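Undergrad: Take this structure first; my questions come after.
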Amino acid sequence: MNTPTGQDSLETGALDDTASIVRLFEVTGGRTRARHHLSLHTVLGPGRRSPRPGLSEESARIVELCGQRHRPLAELAGTLALPVTVVSVLVSDLIDAGVLALPVPDRRSAGSDLQLLQAISAGLRRRHPNATAKAG
(Lines give C-alpha, C1' and ligand atoms only; values in the text may rest on other atoms or scores of the structure.)
Protein backbone atom coordinates (compact mmCIF):
# COMPACT_ATOMS: atom_id res chain seq x y z
CA MET A 1 0.00 0.00 0.00
CA ASN A 2 1.43 3.34 -1.01
CA THR A 3 1.67 5.91 1.70
CA PRO A 4 1.62 9.65 1.08
CA THR A 5 5.28 9.80 2.11
CA GLY A 6 6.35 7.30 -0.54
CA GLN A 7 7.68 4.85 2.06
CA ASP A 8 6.92 1.81 -0.14
CA SER A 9 9.01 3.16 -3.01
CA LEU A 10 11.89 3.85 -0.60
CA GLU A 11 11.74 0.31 0.73
CA THR A 12 11.61 -1.12 -2.80
CA GLY A 13 14.66 0.97 -3.76
CA ALA A 14 16.53 -0.23 -0.67
CA LEU A 15 15.71 -3.85 -1.52
CA ASP A 16 16.93 -3.34 -5.10
CA ASP A 17 20.20 -1.85 -3.83
CA THR A 18 20.67 -4.72 -1.39
CA ALA A 19 20.01 -7.28 -4.14
CA SER A 20 22.59 -5.56 -6.38
CA ILE A 21 25.22 -5.59 -3.64
CA VAL A 22 24.57 -9.25 -2.87
CA ARG A 23 24.77 -10.11 -6.59
CA LEU A 24 28.11 -8.29 -6.98
CA PHE A 25 29.40 -10.00 -3.83
CA GLU A 26 28.43 -13.34 -5.32
CA VAL A 27 30.00 -12.58 -8.73
CA THR A 28 33.37 -11.71 -7.17
CA GLY A 29 33.25 -14.56 -4.68
CA GLY A 30 33.27 -11.99 -1.88
CA ARG A 31 36.64 -10.60 -2.98
CA THR A 32 37.22 -6.86 -3.06
CA ARG A 33 40.80 -6.81 -4.35
CA ALA A 34 42.20 -7.97 -7.66
CA ARG A 35 45.29 -10.19 -7.68
CA HIS A 36 46.85 -8.06 -10.43
CA HIS A 37 47.72 -4.39 -10.09
CA LEU A 38 45.32 -2.75 -12.54
CA SER A 39 44.78 0.97 -13.00
CA LEU A 40 41.84 2.67 -14.63
CA HIS A 41 44.01 3.07 -17.73
CA THR A 42 45.08 -0.58 -17.97
CA VAL A 43 44.27 -1.73 -21.50
CA LEU A 44 42.99 -5.26 -21.92
CA GLY A 45 42.70 -7.49 -24.95
CA PRO A 46 41.86 -11.09 -25.73
CA GLY A 47 44.09 -13.78 -24.30
CA ARG A 48 45.24 -17.05 -25.82
CA ARG A 49 42.63 -19.28 -24.21
CA SER A 50 38.91 -19.58 -24.77
CA PRO A 51 36.65 -18.85 -21.83
CA ARG A 52 35.51 -21.83 -19.83
CA PRO A 53 31.82 -22.70 -19.76
CA GLY A 54 29.86 -21.25 -16.88
CA LEU A 55 31.37 -17.75 -16.84
CA SER A 56 29.25 -15.21 -15.06
CA GLU A 57 27.21 -12.92 -17.28
CA GLU A 58 29.51 -10.02 -16.37
CA SER A 59 32.72 -11.92 -17.16
CA ALA A 60 31.31 -13.15 -20.47
CA ARG A 61 30.44 -9.57 -21.42
CA ILE A 62 33.97 -8.40 -20.52
CA VAL A 63 35.46 -11.10 -22.76
CA GLU A 64 33.09 -10.13 -25.56
CA LEU A 65 33.95 -6.42 -25.29
CA CYS A 66 37.71 -7.04 -25.20
CA GLY A 67 37.38 -9.40 -28.17
CA GLN A 68 35.97 -6.56 -30.26
CA ARG A 69 38.92 -4.25 -29.52
CA HIS A 70 41.38 -3.46 -26.75
CA ARG A 71 39.66 -1.58 -23.94
CA PRO A 72 40.78 0.21 -20.79
CA LEU A 73 39.48 -0.99 -17.45
CA ALA A 74 37.58 2.26 -16.86
CA GLU A 75 35.71 1.85 -20.15
CA LEU A 76 34.73 -1.71 -19.24
CA ALA A 77 33.37 -0.57 -15.87
CA GLY A 78 31.44 2.27 -17.48
CA THR A 79 30.03 0.13 -20.27
CA LEU A 80 28.90 -2.55 -17.84
CA ALA A 81 27.70 0.01 -15.26
CA LEU A 82 29.61 -1.87 -12.57
CA PRO A 83 31.97 -0.57 -9.88
CA VAL A 84 35.62 -0.52 -10.98
CA THR A 85 36.53 -2.73 -8.02
CA VAL A 86 34.18 -5.47 -9.21
CA VAL A 87 35.44 -5.25 -12.79
CA SER A 88 39.05 -5.35 -11.54
CA VAL A 89 38.41 -8.59 -9.66
CA LEU A 90 36.67 -10.17 -12.67
CA VAL A 91 39.39 -9.01 -15.08
CA SER A 92 42.10 -10.33 -12.77
CA ASP A 93 40.43 -13.76 -12.78
CA LEU A 94 40.19 -13.67 -16.58
CA ILE A 95 43.89 -12.76 -16.87
CA ASP A 96 44.79 -15.68 -14.59
CA ALA A 97 42.69 -17.99 -16.80
CA GLY A 98 44.46 -16.73 -19.94
CA VAL A 99 41.21 -15.42 -21.40
CA LEU A 100 42.33 -11.77 -21.22
CA ALA A 101 45.79 -10.33 -21.67
CA LEU A 102 47.59 -7.05 -21.26
CA PRO A 103 48.63 -6.28 -24.83
CA VAL A 104 52.30 -5.47 -25.31
CA PRO A 105 52.80 -2.28 -27.34
CA ASP A 106 54.34 -2.76 -30.74
CA ARG A 107 57.90 -1.37 -30.68
CA ARG A 108 57.52 -0.27 -34.28
CA SER A 109 54.93 2.28 -33.19
CA ALA A 110 57.46 4.14 -31.01
CA GLY A 111 57.62 6.86 -33.67
CA SER A 112 53.93 7.54 -33.25
CA ASP A 113 54.51 7.96 -29.48
CA LEU A 114 57.10 10.62 -30.23
CA GLN A 115 54.71 12.29 -32.66
CA LEU A 116 51.99 12.29 -30.02
CA LEU A 117 54.30 13.86 -27.44
CA GLN A 118 55.39 16.50 -29.95
CA ALA A 119 51.75 17.32 -30.76
CA ILE A 120 50.90 17.64 -27.06
CA SER A 121 53.92 19.85 -26.50
CA ALA A 122 52.98 22.11 -29.42
CA GLY A 123 49.41 22.38 -28.16
CA LEU A 124 50.58 23.33 -24.68
CA ARG A 125 52.91 25.97 -26.11
CA ARG A 126 50.04 27.45 -28.12
CA ARG A 127 47.70 27.45 -25.13
CA HIS A 128 50.29 28.78 -22.65
CA PRO A 129 52.77 30.86 -24.69
CA ASN A 130 54.22 32.63 -21.64
CA ALA A 131 54.92 29.45 -19.67
CA THR A 132 58.51 28.41 -19.23
CA ALA A 133 59.84 24.94 -18.65
CA LYS A 134 61.88 24.35 -15.53
CA ALA A 135 64.52 21.65 -15.77
CA GLY A 136 65.45 19.49 -12.82
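Just remember, in the C-alpha coordinates the first chain shown is A, the second B, etc., residues are 1-based per chain, and ligands are 1-based in the order shown.
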Run DSSP on the backbone and give me the residues of range 35-122 of chain A it puts in helix (DSSP H, G or I), as a PyMOL selection string.

TA: chain A and resi 57-68+73-80+84-96+107-122

Undergrad: One decimal, in Å: what's the spacing between CA of Gln68 in chain A and CA of Gly30 in chain A?

TA: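 Atom-to-atom, CA of Gln68 in chain A and CA of Gly30 in chain A are spaced 29.0 Å apart.
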
Undergrad: Quick one: pull the distance between CA of Arg35 in chain A and CA of Gly67 in chain A, Å, one decimal.

TA: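 Distance reported for this atom pair: 22.0 Å.
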
Undergrad: Using only C-alpha atoms, which residue out of A:Val27, A:Ala74, A:Ala97, A:Leu65 lies closest to Ser50 in chain A?

TA: A:Ala97

Undergrad: Using only C-alpha atoms, which of A:Leu124, A:Leu114, A:Leu102, A:Leu90 sits nearest Ala34 in chain A?

TA: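 Closest to Ala34 in chain A of all the choices is A:Leu90.
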
Undergrad: Among range 12-121 of chain A, which ones does DSSP assign to strand (DSSP E) (computed from the backbone)? Answer as a list in words.

TA: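 Output for range 12-121 of chain A, strand (DSSP E) only: Val43, Leu44, Gly45, Pro46, Arg71, Pro72, Leu100 and Ala101 of chain A.
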
Undergrad: Compare A:Ser92, A:Thr85, A:Ser59, A:Gln118 by their minimum atom-to-atom distance to Thr32 in chain A, counting only C-alpha atoms, and give me the closest one.

TA: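 Closest to Thr32 in chain A of all the choices is A:Thr85.
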
Undergrad: Using only C-alpha atoms, which residue out of A:Leu100, A:Pro46, A:Val89, A:Leu40 lies closest to Leu73 in chain A?

TA: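 Looking only at the distances to Leu73 in chain A, the closest residue turns out to be A:Leu40.
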